[in-house]
>>> print(open('structure.cif').read())   # mmCIF, N, CA and C atoms
data_query
#
loop_
_atom_site.group_PDB
_atom_site.id
_atom_site.type_symbol
_atom_site.label_atom_id
_atom_site.label_comp_id
_atom_site.auth_asym_id
_atom_site.auth_seq_id
_atom_site.Cartn_x
_atom_site.Cartn_y
_atom_site.Cartn_z
ATOM 1 N N SER A 30 -7.924 -2.647 22.151
ATOM 2 C CA SER A 30 -8.365 -1.263 22.066
ATOM 3 C C SER A 30 -7.649 -0.562 20.919
ATOM 4 N N MET A 31 -8.326 0.328 20.270
ATOM 5 C CA MET A 31 -7.723 1.057 19.169
ATOM 6 C C MET A 31 -7.139 2.388 19.629
ATOM 7 N N ARG A 32 -6.954 2.555 20.909
ATOM 8 C CA ARG A 32 -6.295 3.759 21.398
ATOM 9 C C ARG A 32 -4.799 3.578 21.147
ATOM 10 N N GLY A 33 -4.170 4.557 20.539
ATOM 11 C CA GLY A 33 -2.757 4.417 20.229
ATOM 12 C C GLY A 33 -2.174 5.750 19.841
ATOM 13 N N PRO A 34 -1.164 5.745 18.966
ATOM 14 C CA PRO A 34 -0.446 6.976 18.612
ATOM 15 C C PRO A 34 -1.333 8.080 18.051
ATOM 16 N N ALA A 35 -2.456 7.750 17.426
ATOM 17 C CA ALA A 35 -3.300 8.769 16.803
ATOM 18 C C ALA A 35 -4.320 9.363 17.769
ATOM 19 N N LYS A 36 -4.374 8.877 18.999
ATOM 20 C CA LYS A 36 -5.354 9.386 19.974
ATOM 21 C C LYS A 36 -5.198 10.895 20.112
ATOM 22 N N GLY A 37 -6.314 11.597 20.023
ATOM 23 C CA GLY A 37 -6.295 13.045 20.175
ATOM 24 C C GLY A 37 -6.063 13.808 18.890
ATOM 25 N N LEU A 38 -5.892 13.115 17.765
ATOM 26 C CA LEU A 38 -5.629 13.780 16.497
ATOM 27 C C LEU A 38 -6.832 14.581 16.021
ATOM 28 N N TYR A 39 -8.043 14.078 16.253
ATOM 29 C CA TYR A 39 -9.275 14.752 15.859
ATOM 30 C C TYR A 39 -10.173 14.933 17.083
ATOM 31 N N ALA A 40 -10.983 15.996 17.051
ATOM 32 C CA ALA A 40 -11.979 16.224 18.104
ATOM 33 C C ALA A 40 -13.312 15.673 17.596
ATOM 34 N N PHE A 41 -13.793 14.605 18.216
ATOM 35 C CA PHE A 41 -15.018 13.951 17.772
ATOM 36 C C PHE A 41 -16.208 14.409 18.597
ATOM 37 N N ARG A 42 -17.400 14.324 17.962
ATOM 38 C CA ARG A 42 -18.660 14.597 18.653
ATOM 39 C C ARG A 42 -19.681 13.570 18.175
ATOM 40 N N PRO A 43 -20.734 13.315 18.972
ATOM 41 C CA PRO A 43 -21.773 12.377 18.538
ATOM 42 C C PRO A 43 -22.459 12.896 17.273
ATOM 43 N N TYR A 44 -22.753 11.988 16.351
ATOM 44 C CA TYR A 44 -23.417 12.363 15.100
ATOM 45 C C TYR A 44 -24.245 11.183 14.600
ATOM 46 N N ASN A 45 -24.749 11.280 13.380
ATOM 47 C CA ASN A 45 -25.690 10.292 12.844
ATOM 48 C C ASN A 45 -25.231 8.838 12.980
ATOM 49 N N TRP A 46 -23.960 8.571 12.759
ATOM 50 C CA TRP A 46 -23.462 7.199 12.796
ATOM 51 C C TRP A 46 -22.370 7.032 13.835
ATOM 52 N N GLY A 47 -22.371 7.889 14.831
ATOM 53 C CA GLY A 47 -21.384 7.756 15.897
ATOM 54 C C GLY A 47 -20.391 8.903 15.898
ATOM 55 N N PRO A 48 -19.151 8.640 16.309
ATOM 56 C CA PRO A 48 -18.156 9.700 16.422
ATOM 57 C C PRO A 48 -17.923 10.394 15.076
ATOM 58 N N PHE A 49 -17.899 11.708 15.088
ATOM 59 C CA PHE A 49 -17.737 12.488 13.862
ATOM 60 C C PHE A 49 -16.801 13.654 14.116
ATOM 61 N N SER A 50 -15.899 13.885 13.183
ATOM 62 C CA SER A 50 -15.030 15.059 13.207
ATOM 63 C C SER A 50 -14.960 15.621 11.801
ATOM 64 N N PRO A 51 -15.456 16.853 11.598
ATOM 65 C CA PRO A 51 -15.407 17.439 10.260
ATOM 66 C C PRO A 51 -13.987 17.631 9.742
ATOM 67 N N ALA A 52 -13.005 17.677 10.630
ATOM 68 C CA ALA A 52 -11.612 17.860 10.205
ATOM 69 C C ALA A 52 -11.129 16.709 9.329
ATOM 70 N N VAL A 53 -11.740 15.533 9.468
ATOM 71 C CA VAL A 53 -11.359 14.379 8.649
ATOM 72 C C VAL A 53 -11.541 14.710 7.166
ATOM 73 N N TYR A 54 -12.634 15.420 6.834
ATOM 74 C CA TYR A 54 -12.910 15.734 5.430
ATOM 75 C C TYR A 54 -11.873 16.671 4.831
ATOM 76 N N GLY A 55 -11.377 17.616 5.607
ATOM 77 C CA GLY A 55 -10.303 18.483 5.118
ATOM 78 C C GLY A 55 -9.053 17.693 4.793
ATOM 79 N N ASP A 56 -8.732 16.732 5.663
ATOM 80 C CA ASP A 56 -7.565 15.885 5.408
ATOM 81 C C ASP A 56 -7.787 14.993 4.196
ATOM 82 N N LEU A 57 -8.996 14.450 4.048
ATOM 83 C CA LEU A 57 -9.297 13.629 2.865
ATOM 84 C C LEU A 57 -9.207 14.464 1.589
ATOM 85 N N ASP A 58 -9.750 15.686 1.607
ATOM 86 C CA ASP A 58 -9.658 16.568 0.433
ATOM 87 C C ASP A 58 -8.204 16.836 0.061
ATOM 88 N N ARG A 59 -7.372 17.070 1.051
ATOM 89 C CA ARG A 59 -5.951 17.324 0.797
ATOM 90 C C ARG A 59 -5.292 16.096 0.171
ATOM 91 N N LEU A 60 -5.590 14.911 0.693
ATOM 92 C CA LEU A 60 -5.007 13.681 0.144
ATOM 93 C C LEU A 60 -5.486 13.426 -1.283
ATOM 94 N N VAL A 61 -6.760 13.750 -1.571
ATOM 95 C CA VAL A 61 -7.282 13.629 -2.941
ATOM 96 C C VAL A 61 -6.550 14.620 -3.845
ATOM 97 N N ASP A 62 -6.416 15.871 -3.397
ATOM 98 C CA ASP A 62 -5.719 16.902 -4.186
ATOM 99 C C ASP A 62 -4.269 16.524 -4.468
ATOM 100 N N GLU A 63 -3.649 15.832 -3.531
ATOM 101 C CA GLU A 63 -2.250 15.417 -3.697
ATOM 102 C C GLU A 63 -2.121 14.135 -4.519
ATOM 103 N N GLY A 64 -3.249 13.551 -4.912
ATOM 104 C CA GLY A 64 -3.214 12.349 -5.730
ATOM 105 C C GLY A 64 -2.919 11.074 -4.955
ATOM 106 N N LEU A 65 -3.029 11.122 -3.637
ATOM 107 C CA LEU A 65 -2.725 9.953 -2.821
ATOM 108 C C LEU A 65 -3.959 9.112 -2.510
ATOM 109 N N VAL A 66 -5.149 9.715 -2.646
ATOM 110 C CA VAL A 66 -6.407 9.036 -2.351
ATOM 111 C C VAL A 66 -7.375 9.290 -3.497
ATOM 112 N N LEU A 67 -8.154 8.280 -3.837
ATOM 113 C CA LEU A 67 -9.193 8.391 -4.861
ATOM 114 C C LEU A 67 -10.550 8.527 -4.175
ATOM 115 N N ARG A 68 -11.386 9.426 -4.689
ATOM 116 C CA ARG A 68 -12.740 9.618 -4.161
ATOM 117 C C ARG A 68 -13.725 9.173 -5.231
ATOM 118 N N GLU A 69 -14.692 8.341 -4.833
ATOM 119 C CA GLU A 69 -15.669 7.798 -5.780
ATOM 120 C C GLU A 69 -17.071 8.016 -5.220
ATOM 121 N N ASP A 70 -17.944 8.629 -6.023
ATOM 122 C CA ASP A 70 -19.341 8.761 -5.618
ATOM 123 C C ASP A 70 -19.976 7.377 -5.573
ATOM 124 N N VAL A 71 -20.918 7.199 -4.665
ATOM 125 C CA VAL A 71 -21.639 5.940 -4.544
ATOM 126 C C VAL A 71 -23.058 6.172 -5.069
ATOM 127 N N ALA A 72 -23.435 5.426 -6.097
ATOM 128 C CA ALA A 72 -24.730 5.615 -6.752
ATOM 129 C C ALA A 72 -25.881 5.533 -5.749
ATOM 130 N N GLY A 73 -26.748 6.524 -5.800
ATOM 131 C CA GLY A 73 -27.925 6.532 -4.940
ATOM 132 C C GLY A 73 -27.663 6.904 -3.498
ATOM 133 N N ARG A 74 -26.451 7.314 -3.189
ATOM 134 C CA ARG A 74 -26.082 7.680 -1.809
ATOM 135 C C ARG A 74 -25.536 9.103 -1.787
ATOM 136 N N ASP A 75 -25.544 9.701 -0.608
ATOM 137 C CA ASP A 75 -25.006 11.056 -0.488
ATOM 138 C C ASP A 75 -23.607 11.043 0.149
ATOM 139 N N TRP A 76 -22.917 9.930 0.026
ATOM 140 C CA TRP A 76 -21.564 9.833 0.543
ATOM 141 C C TRP A 76 -20.636 9.265 -0.527
ATOM 142 N N GLN A 77 -19.346 9.388 -0.267
ATOM 143 C CA GLN A 77 -18.334 8.912 -1.210
ATOM 144 C C GLN A 77 -17.538 7.773 -0.576
ATOM 145 N N ARG A 78 -16.898 7.030 -1.447
ATOM 146 C CA ARG A 78 -15.991 5.961 -1.027
ATOM 147 C C ARG A 78 -14.570 6.435 -1.332
ATOM 148 N N TYR A 79 -13.662 6.195 -0.404
ATOM 149 C CA TYR A 79 -12.271 6.605 -0.556
ATOM 150 C C TYR A 79 -11.383 5.377 -0.586
ATOM 151 N N SER A 80 -10.346 5.442 -1.412
ATOM 152 C CA SER A 80 -9.376 4.351 -1.461
ATOM 153 C C SER A 80 -8.018 4.936 -1.843
ATOM 154 N N PRO A 81 -6.942 4.254 -1.480
ATOM 155 C CA PRO A 81 -5.619 4.773 -1.855
ATOM 156 C C PRO A 81 -5.399 4.649 -3.354
ATOM 157 N N SER A 82 -4.770 5.654 -3.926
ATOM 158 C CA SER A 82 -4.351 5.581 -5.325
ATOM 159 C C SER A 82 -3.053 4.768 -5.376
ATOM 160 N N PRO A 83 -2.604 4.393 -6.571
ATOM 161 C CA PRO A 83 -1.291 3.719 -6.632
ATOM 162 C C PRO A 83 -0.182 4.562 -5.992
ATOM 163 N N ALA A 84 -0.216 5.883 -6.210
ATOM 164 C CA ALA A 84 0.787 6.752 -5.578
ATOM 165 C C ALA A 84 0.622 6.749 -4.058
ATOM 166 N N GLY A 85 -0.624 6.654 -3.586
ATOM 167 C CA GLY A 85 -0.877 6.598 -2.155
ATOM 168 C C GLY A 85 -0.361 5.316 -1.533
ATOM 169 N N VAL A 86 -0.519 4.208 -2.244
ATOM 170 C CA VAL A 86 -0.001 2.924 -1.755
ATOM 171 C C VAL A 86 1.518 3.004 -1.633
ATOM 172 N N GLU A 87 2.164 3.583 -2.639
ATOM 173 C CA GLU A 87 3.626 3.713 -2.599
ATOM 174 C C GLU A 87 4.063 4.648 -1.474
ATOM 175 N N ALA A 88 3.359 5.769 -1.295
ATOM 176 C CA ALA A 88 3.688 6.710 -0.216
ATOM 177 C C ALA A 88 3.519 6.034 1.143
ATOM 178 N N ALA A 89 2.472 5.232 1.305
ATOM 179 C CA ALA A 89 2.253 4.514 2.569
ATOM 180 C C ALA A 89 3.375 3.510 2.815
ATOM 181 N N ARG A 90 3.803 2.837 1.750
ATOM 182 C CA ARG A 90 4.900 1.867 1.888
ATOM 183 C C ARG A 90 6.186 2.580 2.326
ATOM 184 N N GLU A 91 6.478 3.703 1.691
ATOM 185 C CA GLU A 91 7.672 4.469 2.058
ATOM 186 C C GLU A 91 7.573 4.989 3.486
ATOM 187 N N PHE A 92 6.392 5.467 3.871
ATOM 188 C CA PHE A 92 6.183 5.952 5.229
ATOM 189 C C PHE A 92 6.401 4.826 6.239
ATOM 190 N N ALA A 93 5.829 3.672 5.966
ATOM 191 C CA ALA A 93 5.949 2.538 6.882
ATOM 192 C C ALA A 93 7.413 2.138 7.067
ATOM 193 N N GLU A 94 8.187 2.202 5.991
ATOM 194 C CA GLU A 94 9.603 1.838 6.079
ATOM 195 C C GLU A 94 10.388 2.794 6.961
ATOM 196 N N SER A 95 9.879 4.018 7.150
ATOM 197 C CA SER A 95 10.584 5.022 7.955
ATOM 198 C C SER A 95 10.144 5.021 9.420
ATOM 199 N N GLN A 96 9.182 4.179 9.765
ATOM 200 C CA GLN A 96 8.623 4.177 11.123
ATOM 201 C C GLN A 96 9.173 3.024 11.954
ATOM 202 N N GLU A 97 8.990 3.159 13.267
ATOM 203 C CA GLU A 97 9.346 2.079 14.178
ATOM 204 C C GLU A 97 8.418 0.887 13.909
ATOM 205 N N PRO A 98 8.932 -0.324 13.972
ATOM 206 C CA PRO A 98 8.092 -1.496 13.715
ATOM 207 C C PRO A 98 6.832 -1.542 14.580
ATOM 208 N N VAL A 99 6.908 -1.111 15.834
ATOM 209 C CA VAL A 99 5.723 -1.161 16.700
ATOM 210 C C VAL A 99 4.625 -0.239 16.166
ATOM 211 N N SER A 100 4.991 0.897 15.592
ATOM 212 C CA SER A 100 3.993 1.799 15.015
ATOM 213 C C SER A 100 3.359 1.191 13.777
ATOM 214 N N VAL A 101 4.155 0.543 12.952
ATOM 215 C CA VAL A 101 3.636 -0.108 11.747
ATOM 216 C C VAL A 101 2.700 -1.253 12.148
ATOM 217 N N GLN A 102 3.069 -1.998 13.177
ATOM 218 C CA GLN A 102 2.207 -3.080 13.656
ATOM 219 C C GLN A 102 0.889 -2.526 14.171
ATOM 220 N N TRP A 103 0.921 -1.404 14.902
ATOM 221 C CA TRP A 103 -0.298 -0.783 15.420
ATOM 222 C C TRP A 103 -1.192 -0.336 14.266
ATOM 223 N N MET A 104 -0.606 0.285 13.241
ATOM 224 C CA MET A 104 -1.395 0.722 12.084
ATOM 225 C C MET A 104 -2.020 -0.485 11.373
ATOM 226 N N GLY A 105 -1.279 -1.570 11.262
ATOM 227 C CA GLY A 105 -1.818 -2.779 10.657
ATOM 228 C C GLY A 105 -2.969 -3.348 11.471
ATOM 229 N N SER A 106 -2.848 -3.301 12.789
ATOM 230 C CA SER A 106 -3.930 -3.765 13.658
ATOM 231 C C SER A 106 -5.180 -2.918 13.470
ATOM 232 N N CYS A 107 -5.004 -1.610 13.362
ATOM 233 C CA CYS A 107 -6.148 -0.719 13.127
ATOM 234 C C CYS A 107 -6.813 -1.045 11.799
ATOM 235 N N ARG A 108 -6.016 -1.222 10.767
ATOM 236 C CA ARG A 108 -6.569 -1.527 9.447
ATOM 237 C C ARG A 108 -7.367 -2.831 9.479
ATOM 238 N N ARG A 109 -6.784 -3.860 10.089
ATOM 239 C CA ARG A 109 -7.487 -5.145 10.179
ATOM 240 C C ARG A 109 -8.788 -4.995 10.963
ATOM 241 N N PHE A 110 -8.736 -4.268 12.079
ATOM 242 C CA PHE A 110 -9.936 -4.058 12.891
ATOM 243 C C PHE A 110 -11.046 -3.434 12.050
ATOM 244 N N LEU A 111 -10.706 -2.452 11.231
ATOM 245 C CA LEU A 111 -11.699 -1.734 10.433
ATOM 246 C C LEU A 111 -12.174 -2.520 9.226
ATOM 247 N N THR A 112 -11.283 -3.209 8.545
ATOM 248 C CA THR A 112 -11.651 -3.841 7.281
ATOM 249 C C THR A 112 -12.233 -5.244 7.439
ATOM 250 N N GLU A 113 -12.039 -5.874 8.590
ATOM 251 C CA GLU A 113 -12.561 -7.228 8.784
ATOM 252 C C GLU A 113 -13.993 -7.235 9.304
ATOM 253 N N ARG A 114 -14.562 -6.058 9.567
ATOM 254 C CA ARG A 114 -15.902 -5.974 10.126
ATOM 255 C C ARG A 114 -16.873 -5.373 9.123
ATOM 256 N N SER A 115 -18.109 -5.819 9.196
ATOM 257 C CA SER A 115 -19.153 -5.149 8.434
ATOM 258 C C SER A 115 -19.396 -3.784 9.076
ATOM 259 N N PHE A 116 -20.077 -2.912 8.342
ATOM 260 C CA PHE A 116 -20.400 -1.593 8.888
ATOM 261 C C PHE A 116 -21.215 -1.736 10.175
ATOM 262 N N THR A 117 -22.174 -2.648 10.177
ATOM 263 C CA THR A 117 -23.010 -2.877 11.356
ATOM 264 C C THR A 117 -22.176 -3.332 12.544
ATOM 265 N N GLN A 118 -21.281 -4.282 12.322
ATOM 266 C CA GLN A 118 -20.442 -4.768 13.421
ATOM 267 C C GLN A 118 -19.489 -3.682 13.896
ATOM 268 N N LEU A 119 -18.953 -2.901 12.977
ATOM 269 C CA LEU A 119 -18.060 -1.814 13.364
ATOM 270 C C LEU A 119 -18.795 -0.812 14.254
ATOM 271 N N LEU A 120 -20.028 -0.456 13.882
ATOM 272 C CA LEU A 120 -20.803 0.454 14.722
ATOM 273 C C LEU A 120 -21.031 -0.138 16.108
ATOM 274 N N ARG A 121 -21.389 -1.406 16.162
ATOM 275 C CA ARG A 121 -21.601 -2.046 17.468
ATOM 276 C C ARG A 121 -20.333 -2.002 18.309
ATOM 277 N N ASP A 122 -19.185 -2.288 17.698
ATOM 278 C CA ASP A 122 -17.911 -2.276 18.419
ATOM 279 C C ASP A 122 -17.583 -0.873 18.929
ATOM 280 N N VAL A 123 -17.768 0.122 18.072
ATOM 281 C CA VAL A 123 -17.463 1.507 18.460
ATOM 282 C C VAL A 123 -18.391 1.954 19.581
ATOM 283 N N TYR A 124 -19.684 1.663 19.447
ATOM 284 C CA TYR A 124 -20.642 2.084 20.469
ATOM 285 C C TYR A 124 -20.388 1.382 21.806
ATOM 286 N N ALA A 125 -19.940 0.136 21.754
ATOM 287 C CA ALA A 125 -19.619 -0.574 22.991
ATOM 288 C C ALA A 125 -18.422 0.065 23.688
ATOM 289 N N ALA A 126 -17.436 0.480 22.907
ATOM 290 C CA ALA A 126 -16.228 1.075 23.474
ATOM 291 C C ALA A 126 -16.423 2.543 23.840
ATOM 292 N N TYR A 127 -17.287 3.246 23.098
ATOM 293 C CA TYR A 127 -17.472 4.690 23.284
ATOM 294 C C TYR A 127 -18.962 5.033 23.291
ATOM 295 N N PRO A 128 -19.702 4.607 24.309
ATOM 296 C CA PRO A 128 -21.156 4.831 24.315
ATOM 297 C C PRO A 128 -21.549 6.307 24.262
ATOM 298 N N GLU A 129 -20.691 7.179 24.696
ATOM 299 C CA GLU A 129 -21.005 8.614 24.672
ATOM 300 C C GLU A 129 -21.159 9.153 23.253
ATOM 301 N N TYR A 130 -20.638 8.435 22.252
ATOM 302 C CA TYR A 130 -20.756 8.880 20.861
ATOM 303 C C TYR A 130 -21.978 8.290 20.152
ATOM 304 N N ALA A 131 -22.714 7.442 20.834
ATOM 305 C CA ALA A 131 -23.899 6.823 20.238
ATOM 306 C C ALA A 131 -25.163 7.636 20.514
ATOM 307 N N THR A 132 -25.042 8.728 21.230
ATOM 308 C CA THR A 132 -26.225 9.465 21.705
ATOM 309 C C THR A 132 -27.042 10.112 20.591
ATOM 310 N N ALA A 133 -26.435 10.398 19.435
ATOM 311 C CA ALA A 133 -27.162 11.023 18.326
ATOM 312 C C ALA A 133 -27.305 10.081 17.134
ATOM 313 N N SER A 134 -27.032 8.812 17.332
ATOM 314 C CA SER A 134 -26.961 7.861 16.227
ATOM 315 C C SER A 134 -28.322 7.535 15.632
ATOM 316 N N GLN A 135 -28.313 7.313 14.323
ATOM 317 C CA GLN A 135 -29.492 6.833 13.588
ATOM 318 C C GLN A 135 -29.504 5.299 13.516
ATOM 319 N N PHE A 136 -28.459 4.671 14.014
ATOM 320 C CA PHE A 136 -28.304 3.217 13.943
ATOM 321 C C PHE A 136 -29.273 2.541 14.920
ATOM 322 N N SER A 137 -29.978 1.542 14.436
ATOM 323 C CA SER A 137 -30.938 0.846 15.300
ATOM 324 C C SER A 137 -30.601 -0.634 15.449
ATOM 325 N N GLY A 138 -29.440 -1.063 14.933
ATOM 326 C CA GLY A 138 -29.090 -2.479 14.978
ATOM 327 C C GLY A 138 -28.233 -2.800 16.142
#
>>> encode(input="structure.cif", output="structure tokens")
Amino acid sequence: SMRGPAKGLYAFRPYNWGPFSPAVYGDLDRLVDEGLVLREDVAGRDWQRYSPSPAGVEAAREFAESQEPVSVQWMGSCRRFLTERSFTQLLRDVYAAYPEYATASQFSG
């Protein structure tokens, strides 16, 4: 389960692709403004792709060094869970764990 230290950080509601919290975008904008995250438009799409900048990678490394090992392990587990799955598989996993967030989904797979 991906329930852990971050549980309750955002208030989610059902949306087009499952759980959605507009507060995530404010945090992403702040990280972009601080130079820790890069935002890239995706050609032909109305969404952006986000990735850590070199400064963001260094900040994450420094942050991880200041945390308890169990927290760093949990964050690594979350990252692996998210990055090892296709978008379709991730949606299936999320909907299986949180069916209440699939009620407004456009996903048909």
>>> select_by_dssp(input="structure.cif", residues="chain A", states="alpha helix (DSSP H)", output="number ranges by chain")
A: 52-62, 83-94, 98-112, 116-126
>>> resolve_selection(input="structure.cif", expression="the PyMOL selection byres ((chain A and resi 37-44) around 7)", output="PyMOL selection string")
chain A and resi 34-36+45-53+129-135
>>> write_last_selection(input="structure.cif", atoms="N, CA and C atoms", output="compact mmCIF listing (two decimals), in the frame of the given file")
# COMPACT_ATOMS: atom_id res chain seq x y z
N PRO A 34 -1.16 5.74 18.97
CA PRO A 34 -0.45 6.98 18.61
C PRO A 34 -1.33 8.08 18.05
N ALA A 35 -2.46 7.75 17.43
CA ALA A 35 -3.30 8.77 16.80
C ALA A 35 -4.32 9.36 17.77
N LYS A 36 -4.37 8.88 19.00
CA LYS A 36 -5.35 9.39 19.97
C LYS A 36 -5.20 10.90 20.11
N ASN A 45 -24.75 11.28 13.38
CA ASN A 45 -25.69 10.29 12.84
C ASN A 45 -25.23 8.84 12.98
N TRP A 46 -23.96 8.57 12.76
CA TRP A 46 -23.46 7.20 12.80
C TRP A 46 -22.37 7.03 13.84
N GLY A 47 -22.37 7.89 14.83
CA GLY A 47 -21.38 7.76 15.90
C GLY A 47 -20.39 8.90 15.90
N PRO A 48 -19.15 8.64 16.31
CA PRO A 48 -18.16 9.70 16.42
C PRO A 48 -17.92 10.39 15.08
N PHE A 49 -17.90 11.71 15.09
CA PHE A 49 -17.74 12.49 13.86
C PHE A 49 -16.80 13.65 14.12
N SER A 50 -15.90 13.88 13.18
CA SER A 50 -15.03 15.06 13.21
C SER A 50 -14.96 15.62 11.80
N PRO A 51 -15.46 16.85 11.60
CA PRO A 51 -15.41 17.44 10.26
C PRO A 51 -13.99 17.63 9.74
N ALA A 52 -13.00 17.68 10.63
CA ALA A 52 -11.61 17.86 10.20
C ALA A 52 -11.13 16.71 9.33
N VAL A 53 -11.74 15.53 9.47
CA VAL A 53 -11.36 14.38 8.65
C VAL A 53 -11.54 14.71 7.17
N GLU A 129 -20.69 7.18 24.70
CA GLU A 129 -21.00 8.61 24.67
C GLU A 129 -21.16 9.15 23.25
N TYR A 130 -20.64 8.44 22.25
CA TYR A 130 -20.76 8.88 20.86
C TYR A 130 -21.98 8.29 20.15
N ALA A 131 -22.71 7.44 20.83
CA ALA A 131 -23.90 6.82 20.24
C ALA A 131 -25.16 7.64 20.51
N THR A 132 -25.04 8.73 21.23
CA THR A 132 -26.22 9.46 21.70
C THR A 132 -27.04 10.11 20.59
N ALA A 133 -26.44 10.40 19.43
CA ALA A 133 -27.16 11.02 18.33
C ALA A 133 -27.30 10.08 17.13
N SER A 134 -27.03 8.81 17.33
CA SER A 134 -26.96 7.86 16.23
C SER A 134 -28.32 7.54 15.63
N GLN A 135 -28.31 7.31 14.32
CA GLN A 135 -29.49 6.83 13.59
C GLN A 135 -29.50 5.30 13.52
>>> atom_distance(input="structure.cif", atom1="atom C of Leu60 (chain A)", atom2="atom N of Ser82 (chain A)")
8.2 Å
>>> atom_distance(input="structure.cif", atom1="CA of Ser80 (chain A)", atom2="CA of Leu67 (chain A)")
5.3 Å
>>> atom_distance(input="structure.cif", atom1="atom C of Ala89 (chain A)", atom2="atom C of Leu120 (chain A)")
28.0 Å
>>> residues_around(input="structure.cif", residues="Phe116 (chain A)", least_positions_apart="6", cutoff="12 Å", atoms="only C-alpha atoms", output="count of residues only")
7
>>> closest_residue(input="structure.cif", among="A:Thr112, A:Gly64, A:Cys107, A:Asp58", to="Gly85 (chain A)", atoms="only C-alpha atoms")
A:Gly64
>>> select_by_dssp(input="structure.cif", residues="chain A", states="strand (DSSP E)", output="list in words")
Arg42, Pro43, Tyr44, Gly47, Pro48, Phe49, Val66, Leu67, Arg68, Glu69, Asp70, Gln77, Arg78, Tyr79, Ser80 and Pro81 of chain A
>>> residues_around(input="structure.cif", residues="Ala84 (chain A)", least_positions_apart="3", cutoff="5 Å", atoms="all atoms listed in the file", output="PyMOL selection string")
chain A and resi 65+87-88
>>> axis_aligned_box(input="structure.cif", around="region 81-88 of chain A", padding_each_side="5 Å", output="JSON")
{"center_x": -1.4, "center_y": 4.8, "center_z": -2.7, "size_x": 21.0, "size_y": 13.8, "size_z": 17.8}
